[in-house]
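Engineer: Dropping the structure in here first, questions after.
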Amino acid sequence: MTASVHRHADVNHTPDTCWQGLKIRPVDARLWQVLAALYAQRQLPWHCVYALTQARRCAAAQGLPLPEVPASAVGDVAVWGEEGDVLLARSGLPWAGCAQAMSQMQAVLAQEPGDWLSWLYLARCRELGQPPGVVDPQVREAVRRAIDLEPLPGETGHLLAQWRLRSGQPGQALVALQAVLLQSPQRYGSWLLQAQAQMQLGLQAEAVQSFERAGRSQNPQFLALLADKLFQFNFGAESLAVREAVARLRPNDAMVWLQLAEIQSKLWQIDKAQVSVARALELEPGNPVALRWRDDLKAAGHSRTQFESELAQFETRGLKDNAQGAQRLLMQSLYQAHLAPEAVADLHRRVGQAMQAQAEQSFPSDLVAPQPLPWDGQRRLRVGYVSGDLHRQHPVNVFMLPVLQRHDHKRLEVFIYQTGTLIDEYTRMARTCADHWREASHLSDMALRQQIIDDRIDVLVDLAGHTSTHRLGVFANRAAPVQMSYLGYPHSTGLPCIDWMIADAVVAPPEHAHLFTEQIARVSGTVFCWAPVDDYPLPPDASTPRSGPVVFGSFNNLLKVDDATLAVWARILHECPDSRLLLKSAVLADPVVQRQTLDRFAAQGIGHERLELRGPSELSLMMQEYLDVDVALDPFPYNGGTTSLQALWMGCPLVSLVGHNFVSRMGASFLTHLGRSEWLAHDVEGYVAKATALAQQVRQAPWQRQVQRQAMQASGLCQIERHTRDIEAIYHEALDAVAW
């Protein structure tokens with residue numbers, strides 16, 4: 001049972017007296033509750049939310065009833081639109097908003113000069129009201145007063161740093177944190193915040209040291225947060241070690257074991273993940289999350305089993321309590337060879353409509369759709385990209401970064417809404433390409449939508465589709481006059497809120513219009529234009545054929561190698577007795593998956609000695625591994641995307657089977673624009689014949705990898721300047737269609 005904040009309003013207390021008491025007893029849950037009640041009565045929602053958060057934290061630590069949030073804590077939504085912590089983490093408030101907030105804080109301080117929070121909020125609002133780089137003496141004074149009054153040492157600097165970091169100012173965040181950590185070196189949360197700022201600035205060695213200092217905490221709840229942040233920044237092994245430490249600290253907590261299982265499964269330690277889930281079920285035999293995880297882990301690598309399970313849940317319950325399951329269902333549908341393209345498209349429509357309806361219900365009913373700004377074709381078009389995947393090795397980054405680097409900023413004003421948390425040198429490269437960069441991972445869908453509307457975006461582009469970093473809830477409630485899907489998802493989203501999908505004439509020919517809810521905007525070349533930002537050298541072409549067996553290869557996600565594809569590849573190996581197959585995939589780091597894969601081929605009569613299985617490696621090393629492959633095999637029905645272009649770039653010929661929807665025609669797009677349609681097959685018999693014929697060519701004469709790369713550079717696959725101009729023209733034409 002929760003305790004109402006209102007019942008703790010004490011006539012003997014004022015905010016000043018509460019702050020005086022909290023300076024002495026900063027973990028006094030009741031005093032925080034009294035303060036929250038006083039703020040609720042005074043209609044100060046920012047203050048109330050902060051005090052409530054502290055009250056709940058202290059109460060939980062002391063085993064006391066948790067206070068409930070009073071309705072008055074929500075504040076005047078018509079004025080502020082969202083809670084203060086989100087507003088204060090924006091890159092800037094409209095001047096009217098800053099002035100109003102400062103006026104409110106000054107009025108409070110006139111009555112309660114010892115109100116720490118009002119000094120803190122006043123400092124931040126003054127900071128937001130200043131142009132970048134300008135230091136206001138009044139900001140310094142407000143910060144000084146706040147530091148003198150803060151109940152928790154370092155809290156002022158920590159919160160300022162948090163807001164600055166979220167608003168895209170990691171350097172300014174570090175300035176605040178360095179002062180905090182000199183004063184309070186045991187503030188593990190500040191060490192973690194410093195590590196995040198350092199990662200955004202590319203200071204990885206320094207960030208590792210800050211992560212290490214944060215890891216000295218013995219608080220299981222904080223360590224769980226640290227583990228999440230480590231994983232987000234691609235420190236998988238370190239994240240796992242922290243999760244294991246949490247399990248040692250709280251061995252009887254089922255959720256802790258499930259969280260450990262989650263990261264074990266992400267690192268492809270399936271056996272260990274199953275043990276962790278079993279431990280969770282010992283502690284809580286009926287735990288529904290544990291039961292689902294147990295079934296998912298049993299089905300790991302079995303695409304059709306997982307798909308049918310998710311489909312049954314959706315047919316029975318819709319999206320209720322299982323929105324993530326519906327997303328997995330759509331992703332899984334792309335791998336199902338037994339489904340007709342029309343069935344996959346219908347499923348996307350049904351799930352997409354349900355997702356849009358659910359998202360609309362979560363927003364206020366009186367939302368007004370943004371109207372297009374006056375458009376005469378002369379001003380710069382305001383284009384917003386929403387993505388959490390602008391980092392190395394992610395396909396979206398591979399194809400999007402070259403476009404960002406070539407945008408014509410005389411015609412386009414580029415906004416990037418960074419919804420992810422993984423930051424590396426490629427993220428920083430993308431940031432330099434934007435006129436405006438918005439850190440949005442911490443924003444709710446409603447808050448992000450408002451930011452986009454405030455930025456007056458003309459064309460908003462989704463780069464995620466139904467993948468894990470998506471923010472389709474923002475699009476569902478229309479944040480821009482024109483909304484598009486591009487690059488992130490190789491199928492129609494099925495959502496009515498997406499107006500256009502950018503594609504090409506091969507992956508989405510006119511006769512396939514019935515498979516899309518979006519209108520199709522076609523570029524002149526391939527939609528996946530190849531323009532690598534890194535150098536991947538090739539050795540000089542050999543003058544004699546390579547000795548040893550011919551090596552077929554695929555570096556695709558192993559989920560794409562379903563039973564039908566595997567059977568065809570086994571048949572190719574039988575047709576070419578002097579050949580081997582090299583498979584490389586992240587899941588093959590797991591011995592269980594390796595064993596399952598070997599057994600699947602053994603059932604097709606292919607011995608273990610004819611297979612080589614490799615796990616993941618760093619991108620530049622992986623590219624060199626393509627030199628071990630003579631002929632690349634494209635999986636079906638879910639073709640390779642980035643992997644196919646990587647193979648072609650490294651000089652491997654590619655055999656692909658032409659399918660009947662976007663995801664199964666990517667290989668056809670690549671080979672058509674490369675001028676190698678002779679490597680395309682239209683049925684399984686042709687696929688086997690073309691693979692064996694290429695193997696014979698490799699045996700007879702050395703394959704000219706340098707020649708193939710030169711041909712690729714000159715082909716429609718690599719015309720990045722033309723591709724970028726096509727994209728920009730599509731944006732202008734789409735806005736023209738709605739502006740008048």
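Quick note on naming: the chains in the structure tokens go A, B, ... in the order shown, residues restart at 1 in each chain, and ligands are numbered from 1 in order of appearance.
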Excluding A:Arg380 and residues on its chain fewer than 3 positions from it, collect all residues at most 8 Å away from it, counting only C-alpha atoms, and give them as a PDB file with C-alpha atoms, in the first residue's frame.
Structural biologist:
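Saved to selection19.pdb:
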```pdb
ATOM      1  CA  HIS A 409      23.350  22.096 -46.885  1.00  0.00           C
ATOM      2  CA  LYS A 410      22.466  24.997 -49.142  1.00  0.00           C
ATOM      3  CA  ARG A 411      19.247  23.125 -49.910  1.00  0.00           C
ATOM      4  CA  LEU A 412      18.778  21.045 -46.741  1.00  0.00           C
ATOM      5  CA  GLU A 413      18.922  21.856 -43.036  1.00  0.00           C
TER       6      GLU A 413
END
```
Engineer: At a cut-off of 6 Å, using only C-alpha atoms, what residues contact stretch 463-478 of chain A? Leave out same-chain residues fewer than 2 positions from it and give the result as JSON, numbers by chain.
Structural biologist: {"A": [327, 356, 359, 360, 387, 388, 445, 449, 480, 486, 487, 488, 489, 497]}
Engineer: Smallest atom-to-atom distance to A:Val507: which of A:Ser617, A:Ser664, A:Asn397, A:Asn639, using only C-alpha atoms?
Structural biologist: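 Looking only at the distances to A:Val507, the closest residue turns out to be A:Ser664.
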Engineer: Which polymer residues have any atom within 7 Å of an atom of A:Leu674, counting only C-alpha atoms, with same-chain residues fewer than 5 positions away left out, as a list in words?
Structural biologist: Met712, Ser715, Gly716 and Leu717 of chain A
Engineer: Output the selection as a short mmCIF file (atom, residue, chain, number, x, y, z; two decimals), in the first residue's frame - all heavy atoms for each residue.
Structural biologist:
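So the final result, stored in result-v3.cif, reads:
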```cif
data_model
loop_
_atom_site.label_atom_id
_atom_site.label_comp_id
_atom_site.auth_asym_id
_atom_site.auth_seq_id
_atom_site.Cartn_x
_atom_site.Cartn_y
_atom_site.Cartn_z
N MET A 712 32.85 -2.50 -59.91
CA MET A 712 31.83 -2.12 -58.93
C MET A 712 31.85 -0.62 -58.69
O MET A 712 30.80 0.03 -58.61
CB MET A 712 32.07 -2.89 -57.63
CG MET A 712 31.01 -2.69 -56.57
SD MET A 712 31.29 -3.82 -55.17
CE MET A 712 30.03 -3.23 -54.01
N SER A 715 30.01 1.13 -61.36
CA SER A 715 28.64 0.68 -61.60
C SER A 715 27.63 1.52 -60.82
O SER A 715 27.98 2.39 -60.02
CB SER A 715 28.50 -0.78 -61.18
OG SER A 715 28.43 -0.89 -59.75
N GLY A 716 26.35 1.20 -61.03
CA GLY A 716 25.27 1.88 -60.31
C GLY A 716 25.23 1.59 -58.83
O GLY A 716 24.47 2.23 -58.09
N LEU A 717 26.03 0.63 -58.36
CA LEU A 717 26.07 0.32 -56.93
C LEU A 717 26.77 1.40 -56.12
O LEU A 717 26.54 1.50 -54.92
CB LEU A 717 26.80 -1.01 -56.69
CG LEU A 717 26.04 -2.30 -56.91
CD1 LEU A 717 26.94 -3.48 -56.59
CD2 LEU A 717 24.80 -2.34 -56.04
#
```
Engineer: Considering only C-alpha atoms, state which residue in the set A:Leu559, A:Leu515, A:Ile730, A:Leu122 is at the smallest distance from A:Ala107.
Structural biologist: A:Leu122
Engineer: Excluding stretch 697-709 of chain A and its own-chain neighbours fewer than 2 positions away, which residues fall within 9 Å of it when counting only C-alpha atoms? Please give them as a compact mmCIF listing (two decimals) with C-alpha atoms, in the first residue's frame.
Structural biologist:
```txt
# COMPACT_ATOMS: atom_id res chain seq x y z
CA LEU A 538 42.77 -6.01 -51.61
CA PRO A 539 45.93 -7.97 -52.38
CA PRO A 540 47.24 -7.89 -55.96
CA ASP A 541 45.39 -10.25 -58.27
CA ALA A 542 47.06 -13.64 -58.53
CA SER A 543 48.28 -15.02 -61.83
CA THR A 544 47.45 -18.66 -61.00
CA PRO A 545 44.31 -20.27 -59.52
CA ARG A 546 44.22 -20.70 -55.78
CA SER A 547 45.23 -24.16 -54.62
CA PRO A 549 39.27 -26.75 -52.40
CA VAL A 550 36.86 -24.10 -53.61
CA ASP A 630 35.84 -17.93 -53.46
CA VAL A 631 32.07 -17.76 -54.10
CA LEU A 648 31.29 -8.03 -53.72
CA TRP A 649 33.59 -5.18 -52.63
CA MET A 650 36.19 -7.71 -51.52
CA GLY A 651 36.05 -9.34 -54.96
CA CYS A 652 33.81 -12.36 -54.35
CA PRO A 653 31.26 -13.34 -56.97
CA THR A 692 28.66 -24.83 -59.38
CA ALA A 693 29.55 -23.01 -62.62
CA LEU A 694 31.29 -20.24 -60.66
CA ALA A 695 33.19 -22.84 -58.68
CA ALA A 711 33.87 -2.56 -62.10
CA MET A 712 31.83 -2.12 -58.93
CA GLN A 713 33.14 1.40 -58.37
CA ALA A 714 32.05 2.35 -61.88
```
Engineer: I'd like to know which residues of stretch 217-247 of chain A are alpha helix (DSSP H) (by DSSP, run on the backbone); could you write them as a count of residues only?
Structural biologist: 25
Engineer: Which residues are near A:Arg571? Cut-off 10 Å, only C-alpha atoms, ignore same chain within fewer than 3 positions. Put them as a count of residues only.
Structural biologist: 11
